[in-house]
$ cat entry.tsv   # TSV, C-alpha atoms
chain	number	residue	atom	x	y	z
A	1042	MET	CA	15.97	-17.48	42.97
A	1043	GLN	CA	17.99	-19.62	45.39
A	1044	HIS	CA	21.22	-17.72	44.73
A	1045	HIS	CA	19.83	-14.39	45.95
A	1046	LEU	CA	21.12	-14.82	49.48
A	1047	VAL	CA	20.74	-11.21	50.62
A	1048	LEU	CA	17.20	-10.91	49.29
A	1049	ASN	CA	16.26	-14.25	50.86
A	1050	LEU	CA	17.61	-13.27	54.26
A	1051	VAL	CA	16.11	-9.76	54.34
A	1052	ALA	CA	12.74	-11.06	53.14
A	1053	LYS	CA	12.78	-13.73	55.85
A	1054	ILE	CA	13.43	-11.05	58.45
A	1055	LEU	CA	10.93	-8.52	57.11
A	1056	ILE	CA	7.88	-10.57	56.09
A	1057	PRO	CA	6.67	-11.33	59.67
A	1058	PHE	CA	6.91	-7.64	60.53
A	1059	ILE	CA	5.04	-6.65	57.36
A	1060	ILE	CA	2.19	-9.00	58.26
A	1061	LEU	CA	2.23	-7.84	61.89
A	1062	PHE	CA	2.05	-4.23	60.69
A	1063	ALA	CA	-0.89	-5.15	58.45
A	1064	LEU	CA	-2.75	-6.56	61.46
A	1065	TYR	CA	-1.90	-3.39	63.44
A	1066	VAL	CA	-3.28	-1.18	60.66
A	1067	GLN	CA	-6.35	-3.43	60.47
A	1068	PHE	CA	-7.31	-3.44	64.13
A	1069	HIS	CA	-6.06	0.01	65.07
A	1070	GLY	CA	-8.02	1.55	62.21
A	1071	ASP	CA	-10.81	2.61	64.57
A	1072	TYR	CA	-8.49	4.92	66.53
A	1073	GLY	CA	-5.77	5.94	64.11
A	1074	PRO	CA	-4.92	6.11	60.45
A	1075	GLY	CA	-5.57	2.84	58.68
A	1076	GLY	CA	-8.48	0.59	57.90
A	1077	GLY	CA	-9.40	-2.49	56.00
A	1078	PHE	CA	-8.24	-1.49	52.53
A	1079	GLN	CA	-4.76	-0.36	53.59
A	1080	ALA	CA	-4.32	-3.37	55.85
A	1081	GLY	CA	-5.36	-5.71	53.07
A	1082	VAL	CA	-2.89	-4.12	50.68
A	1083	ILE	CA	-0.03	-4.46	53.18
A	1084	PHE	CA	-1.03	-8.04	54.01
A	1085	GLY	CA	-1.19	-8.96	50.33
A	1086	ALA	CA	2.14	-7.21	49.68
A	1087	GLY	CA	3.79	-9.41	52.31
A	1088	PHE	CA	2.65	-12.57	50.55
A	1089	ILE	CA	3.52	-11.14	47.12
A	1090	LEU	CA	7.04	-10.39	48.38
A	1091	TYR	CA	7.27	-14.01	49.52
A	1092	GLY	CA	6.07	-15.17	46.11
A	1093	ILE	CA	8.56	-12.98	44.24
A	1094	ILE	CA	11.56	-14.04	46.34
A	1095	PHE	CA	10.87	-17.72	46.97
A	1096	GLY	CA	9.00	-18.58	43.79
A	1097	LYS	CA	5.39	-19.25	42.98
A	1098	ASP	CA	5.45	-22.96	43.87
A	1099	LEU	CA	6.42	-22.35	47.51
A	1100	ALA	CA	3.95	-19.45	47.75
A	1101	VAL	CA	1.12	-21.70	46.55
A	1102	ARG	CA	2.05	-24.13	49.31
A	1103	VAL	CA	1.78	-21.30	51.87
A	1104	VAL	CA	-1.57	-19.98	50.61
A	1105	PRO	CA	-3.40	-22.54	48.43
A	1106	LEU	CA	-5.23	-21.01	45.49
A	1107	PRO	CA	-8.70	-22.40	46.34
A	1108	LEU	CA	-8.39	-20.85	49.81
A	1109	VAL	CA	-7.50	-17.47	48.24
A	1110	TYR	CA	-10.50	-17.63	45.90
A	1111	CYS	CA	-12.79	-18.60	48.81
A	1112	MET	CA	-11.50	-15.74	50.99
A	1113	THR	CA	-12.25	-13.28	48.17
A	1114	ALA	CA	-15.91	-14.15	48.56
A	1115	VAL	CA	-15.82	-14.57	52.35
A	1116	GLY	CA	-14.83	-10.95	52.90
A	1117	VAL	CA	-17.70	-9.58	50.80
A	1118	LEU	CA	-20.04	-12.07	52.46
A	1119	LEU	CA	-18.98	-10.88	55.93
A	1120	TYR	CA	-19.60	-7.26	54.90
A	1121	THR	CA	-23.07	-8.08	53.56
A	1122	LEU	CA	-24.00	-10.29	56.51
A	1123	VAL	CA	-23.21	-7.50	58.98
A	1124	GLY	CA	-25.41	-5.18	56.92
A	1125	VAL	CA	-28.25	-7.69	56.75
A	1126	ALA	CA	-27.89	-8.46	60.46
A	1127	GLY	CA	-28.56	-4.77	61.11
A	1128	MET	CA	-31.76	-5.05	59.04
A	1129	LEU	CA	-32.88	-8.24	60.81
A	1130	LEU	CA	-32.34	-6.66	64.25
A	1131	GLY	CA	-34.68	-3.79	63.38
A	1132	GLY	CA	-32.40	-1.11	61.93
A	1133	GLU	CA	-31.40	-0.11	58.43
A	1134	PHE	CA	-28.85	-1.83	56.17
A	1135	LEU	CA	-25.39	-1.35	57.76
A	1136	ASN	CA	-26.85	0.24	60.91
A	1137	TYR	CA	-24.34	-0.92	63.53
A	1138	SER	CA	-26.10	0.54	66.57
A	1139	VAL	CA	-28.63	-2.30	66.81
A	1140	LEU	CA	-26.04	-5.10	66.66
A	1141	LEU	CA	-25.53	-5.14	70.45
A	1142	PRO	CA	-27.77	-3.92	73.31
A	1143	ASP	CA	-25.27	-1.12	73.97
A	1144	SER	CA	-25.30	1.05	70.83
A	1145	ILE	CA	-21.67	2.31	71.25
A	1146	ALA	CA	-20.36	-1.25	71.63
A	1147	GLY	CA	-22.49	-2.27	68.65
A	1148	GLN	CA	-20.94	0.43	66.51
A	1149	HIS	CA	-17.46	-0.72	67.57
A	1150	LEU	CA	-18.28	-4.33	66.68
A	1151	GLY	CA	-19.91	-3.34	63.39
A	1152	ILE	CA	-17.03	-1.23	62.07
A	1153	LEU	CA	-14.53	-3.90	63.19
A	1154	LEU	CA	-16.34	-6.65	61.26
A	1155	ILE	CA	-16.90	-4.45	58.18
A	1156	GLU	CA	-13.23	-3.49	58.03
A	1157	LEU	CA	-12.23	-7.14	58.57
A	1158	GLY	CA	-14.35	-8.09	55.56
A	1159	VAL	CA	-12.79	-5.36	53.43
A	1160	GLY	CA	-9.29	-6.40	54.53
A	1161	ILE	CA	-9.85	-10.09	53.77
A	1162	THR	CA	-11.22	-9.33	50.31
A	1163	VAL	CA	-8.52	-6.83	49.34
A	1164	ALA	CA	-5.68	-9.09	50.55
A	1165	SER	CA	-6.99	-12.17	48.76
A	1166	VAL	CA	-7.75	-10.27	45.54
A	1167	MET	CA	-4.20	-8.90	45.49
A	1168	ILE	CA	-2.72	-12.36	46.12
A	1169	SER	CA	-4.89	-13.96	43.42
A	1170	LEU	CA	-3.97	-11.18	40.93
A	1171	PHE	CA	-0.29	-11.85	41.60
A	1172	PHE	CA	-0.77	-15.60	41.19
A	1173	SER	CA	-2.62	-15.19	37.91
A	1174	TYR	CA	0.16	-12.99	36.48
A	1175	ALA	CA	2.81	-15.45	37.72
A	1176	GLN	CA	0.94	-18.30	36.06
A	1177	TYR	CA	0.82	-16.45	32.73
A	1178	THR	CA	4.56	-15.83	32.59
A	1179	HIS	CA	5.21	-19.43	33.57
A	1180	ARG	CA	2.96	-20.69	30.79
A	1181	ASP	CA	4.52	-18.33	28.20
A	1182	GLU	CA	8.00	-19.56	29.10
A	1183	GLN	CA	6.88	-23.15	28.64
A	1184	GLN	CA	5.38	-22.28	25.25
A	1185	SER	CA	8.55	-20.56	24.09
A	1186	ASP	CA	10.58	-23.55	25.33
A	1187	ASN	CA	8.40	-25.85	23.24
A	1188	GLN	CA	8.83	-23.57	20.19
A	1189	ASP	CA	12.60	-23.62	20.65
A	1190	ARG	CA	12.61	-27.39	20.49
B	206	MET	CA	19.88	26.03	78.42
B	207	ILE	CA	19.42	22.32	77.71
B	208	GLU	CA	16.49	23.15	75.40
B	209	ILE	CA	18.70	25.36	73.27
B	210	VAL	CA	21.24	22.52	73.01
B	211	PHE	CA	18.47	20.17	71.84
B	212	LEU	CA	17.19	22.73	69.33
B	213	ILE	CA	20.66	23.20	67.88
B	214	LEU	CA	21.22	19.42	67.79
B	215	ARG	CA	17.91	18.91	65.97
B	216	ASP	CA	18.62	21.62	63.41
B	217	VAL	CA	22.14	20.35	62.76
B	218	CYS	CA	20.87	16.79	62.31
B	219	LEU	CA	18.09	17.86	59.92
B	220	PHE	CA	20.50	20.07	57.96
B	221	ILE	CA	23.11	17.31	57.57
B	222	GLY	CA	20.39	14.85	56.54
B	223	ALA	CA	18.96	17.23	53.95
B	224	LEU	CA	22.49	17.86	52.66
B	225	PHE	CA	23.11	14.12	52.20
B	226	VAL	CA	19.82	13.65	50.36
B	227	LEU	CA	20.61	16.65	48.15
B	228	VAL	CA	24.06	15.26	47.33
B	229	GLY	CA	22.50	11.88	46.52
B	230	SER	CA	19.98	13.47	44.16
B	231	LEU	CA	22.75	15.44	42.46
B	232	GLY	CA	24.69	12.22	42.07
B	233	VAL	CA	21.78	10.56	40.30
B	234	LEU	CA	21.67	13.46	37.86
B	235	ARG	CA	25.41	13.85	37.30
B	236	PHE	CA	27.00	10.38	37.49
B	237	PRO	CA	27.67	8.75	34.13
B	238	ASP	CA	26.45	5.16	34.43
B	239	PHE	CA	23.93	2.98	36.22
B	240	PHE	CA	26.14	1.53	38.95
B	241	SER	CA	27.57	4.84	40.09
B	242	ARG	CA	24.03	6.23	40.24
B	243	ILE	CA	22.99	3.29	42.43
B	244	HIS	CA	26.01	4.06	44.58
B	245	ALA	CA	24.94	7.70	44.87
B	246	THR	CA	21.40	7.01	45.99
B	247	GLY	CA	21.92	3.83	48.00
B	248	ILE	CA	24.58	5.16	50.33
B	249	THR	CA	23.84	8.85	50.73
B	250	GLU	CA	20.10	8.53	51.09
B	251	THR	CA	20.39	5.87	53.78
B	252	VAL	CA	22.70	8.12	55.76
B	253	GLY	CA	20.59	11.20	55.01
B	254	ILE	CA	17.40	9.52	56.17
B	255	ALA	CA	19.23	8.33	59.30
B	256	PHE	CA	20.23	11.93	60.13
B	257	ILE	CA	16.73	13.27	59.38
B	258	PHE	CA	15.15	10.66	61.66
B	259	ALA	CA	17.72	11.40	64.37
B	260	GLY	CA	16.69	15.04	64.16
B	261	LEU	CA	13.02	14.14	64.37
B	262	ILE	CA	13.66	11.88	67.38
B	263	VAL	CA	15.39	14.77	69.15
B	264	GLU	CA	12.39	16.95	68.23
B	265	VAL	CA	9.66	14.69	69.68
B	266	GLY	CA	11.68	13.68	72.74
B	267	TYR	CA	11.22	10.61	74.93
B	268	SER	CA	7.85	9.19	73.81
B	269	LEU	CA	6.13	6.42	71.86
B	270	THR	CA	6.47	8.45	68.66
B	271	SER	CA	10.25	8.43	68.92
B	272	LEU	CA	10.19	4.65	69.34
B	273	LYS	CA	8.10	4.37	66.16
B	274	LEU	CA	10.55	6.65	64.34
B	275	LEU	CA	13.41	4.43	65.55
B	276	ILE	CA	11.64	1.31	64.22
B	277	ILE	CA	11.09	2.99	60.83
B	278	LEU	CA	14.77	3.93	60.82
B	279	VAL	CA	15.77	0.29	61.41
B	280	PHE	CA	13.50	-0.78	58.54
B	281	VAL	CA	15.02	1.80	56.19
B	282	PHE	CA	18.48	0.53	57.17
B	283	PHE	CA	17.41	-2.96	56.14
B	284	THR	CA	15.43	-2.23	52.99
B	285	SER	CA	17.33	0.59	51.27
B	286	PRO	CA	20.66	-1.28	50.85
B	287	THR	CA	18.71	-4.41	49.91
B	288	SER	CA	16.92	-2.62	47.08
B	289	SER	CA	20.22	-1.18	45.84
B	290	HIS	CA	21.76	-4.65	45.97
B	291	ALA	CA	18.84	-6.17	44.06
B	292	LEU	CA	18.99	-3.46	41.38
B	293	ALA	CA	22.75	-3.82	40.90
B	294	LYS	CA	22.60	-7.61	40.82
B	295	THR	CA	19.77	-7.54	38.28
B	296	ALA	CA	21.76	-5.14	36.10
B	297	ILE	CA	24.80	-7.44	36.21
B	298	HIS	CA	22.64	-10.42	35.31
B	299	ALA	CA	21.06	-8.47	32.46
B	300	GLY	CA	24.54	-7.92	30.99
B	301	LEU	CA	25.21	-4.28	31.87
B	302	VAL	CA	28.98	-3.75	32.14
B	303	PRO	CA	30.18	-1.16	34.68
B	304	LEU	CA	31.83	1.91	33.16
B	305	THR	CA	35.58	1.74	33.89
B	306	HIS	CA	38.68	3.19	32.27
B	307	LYS	CA	38.73	0.11	30.02
B	308	GLY	CA	35.31	0.99	28.71
B	309	GLY	CA	31.98	-0.53	29.40
B	310	ASN	CA	28.47	0.02	28.28
B	311	GLN	CA	27.78	3.51	27.03
B	312	PRO	CA	25.83	5.66	29.50
B	313	SER	CA	22.17	6.02	28.64
B	314	ASN	CA	21.86	9.73	29.49

$ encode --input "entry.tsv" --output "structure tokens"
Amino acid sequence: MQHHLVLNLVAKILIPFIILFALYVQFHGDYGPGGGFQAGVIFGAGFILYGIIFGKDLAVRVVPLPLVYCMTAVGVLLYTLVGVAGMLLGGEFLNYSVLLPDSIAGQHLGILLIELGVGITVASVMISLFFSYAQYTHRDEQQSDNQDR
Amino acid sequence: MIEIVFLILRDVCLFIGALFVLVGSLGVLRFPDFFSRIHATGITETVGIAFIFAGLIVEVGYSLTSLKLLIILVFVFFTSPTSSHALAKTAIHAGLVPLTHKGGNQPSN
């Protein structure tokens, strides 16, 4: 898509702001509208926009596929570890109050980490879904090229 | 006195914005072919949204909310023409011929 000059330029301008907005939604989710799921969707949409405009090969160089697959698990693992840490420190599963000596600060830390885990998982699942669809179309085109010959 | 001026300014801005959006929607329904429909939405809705946001900025006054509205307005100014451009360019590449007096592709109702 090298000839799409307008799309290239606008995407270059907008993608940093999209990712910045995703981080805002992520970390301001305690006090305002937002949260991990929405932030992950916006974050993933930024990378998907990059992949659509600049092609899958460049996008794979930005976010390598093994990293994406690892982050899918890391987010869930972070969520579970925070829950288990609550159990180990003497509370129930996902009881944030016991994470820190001050229960209010513990609840802040707990919800922040939980939402971070959700955001990481949602963003990486969206990116990996996009990559798998992009791979399929690429492969089908190659097959049809071979049939044409 | 100044409050009444602001109220009138807000209402006029919102009314003009709503009018532009209404005209754009009518254009989508009434225009004969794809490119003129793109023209109807792409231009009038950008202007309409600009007027609506100007009215909202007058409504909330000098605050952080008005700054956020201004940022959203800038983003709409970037993204709305870009999406129109992408749609029109894709249609040209797909072989859709604009409807002129010499003919063109038949409108698809």

$ interface_residues --input "entry.tsv" --of "chain A" --to "chain B" --cutoff "12 Å" --atoms "all atoms listed in the file" --output "VMD selection string"
chain A and resid 1042 1044 to 1056 1058 to 1059 1062 1094

$ closest_residue --input "entry.tsv" --among "A:Val1117, A:Ala1100, A:Val1066, A:Leu1108" --to "Val1163 (chain A)" --atoms "all atoms listed in the file"
A:Val1117

$ atom_distance --input "entry.tsv" --atom1 "CA of Phe1078 (chain A)" --atom2 "CA of Tyr1091 (chain A)"
20.2 Å

$ atom_distance --input "entry.tsv" --atom1 "CA of Phe240 (chain B)" --atom2 "CA of Phe1095 (chain A)"
25.8 Å

$ atom_distance --input "entry.tsv" --atom1 "CA of Leu304 (chain B)" --atom2 "CA of Ile243 (chain B)"
12.9 Å

$ residues_around --input "entry.tsv" --residues "Gly232 (chain B)" --least-positions-apart "4" --cutoff "12 Å" --atoms "all atoms listed in the file" --output "list in words"
Phe225, Val226, Leu227, Val228, Phe236, Pro237, Asp238, Phe239, Phe240, Ser241, Arg242, Ile243, His244, Ala245, Thr246, Gly247, Ile248, Thr249 and Glu250 of chain B

$ residues_around --input "entry.tsv" --residues "Leu214 (chain B)" --least-positions-apart "2" --cutoff "12 Å" --atoms "all atoms listed in the file" --output "PyMOL selection string"
chain B and resi 207-212+216-221+256-257+259-264

$ closest_residue --input "entry.tsv" --among "A:Leu1140, A:Ala1063, A:Val1123, A:Leu1135" --to "Leu1154 (chain A)" --atoms "only C-alpha atoms"
A:Val1123

$ closest_residue --input "entry.tsv" --among "B:Ala255, B:Leu278, B:Ala296, B:Leu234" --to "Gly222 (chain B)" --atoms "all atoms listed in the file"
B:Ala255
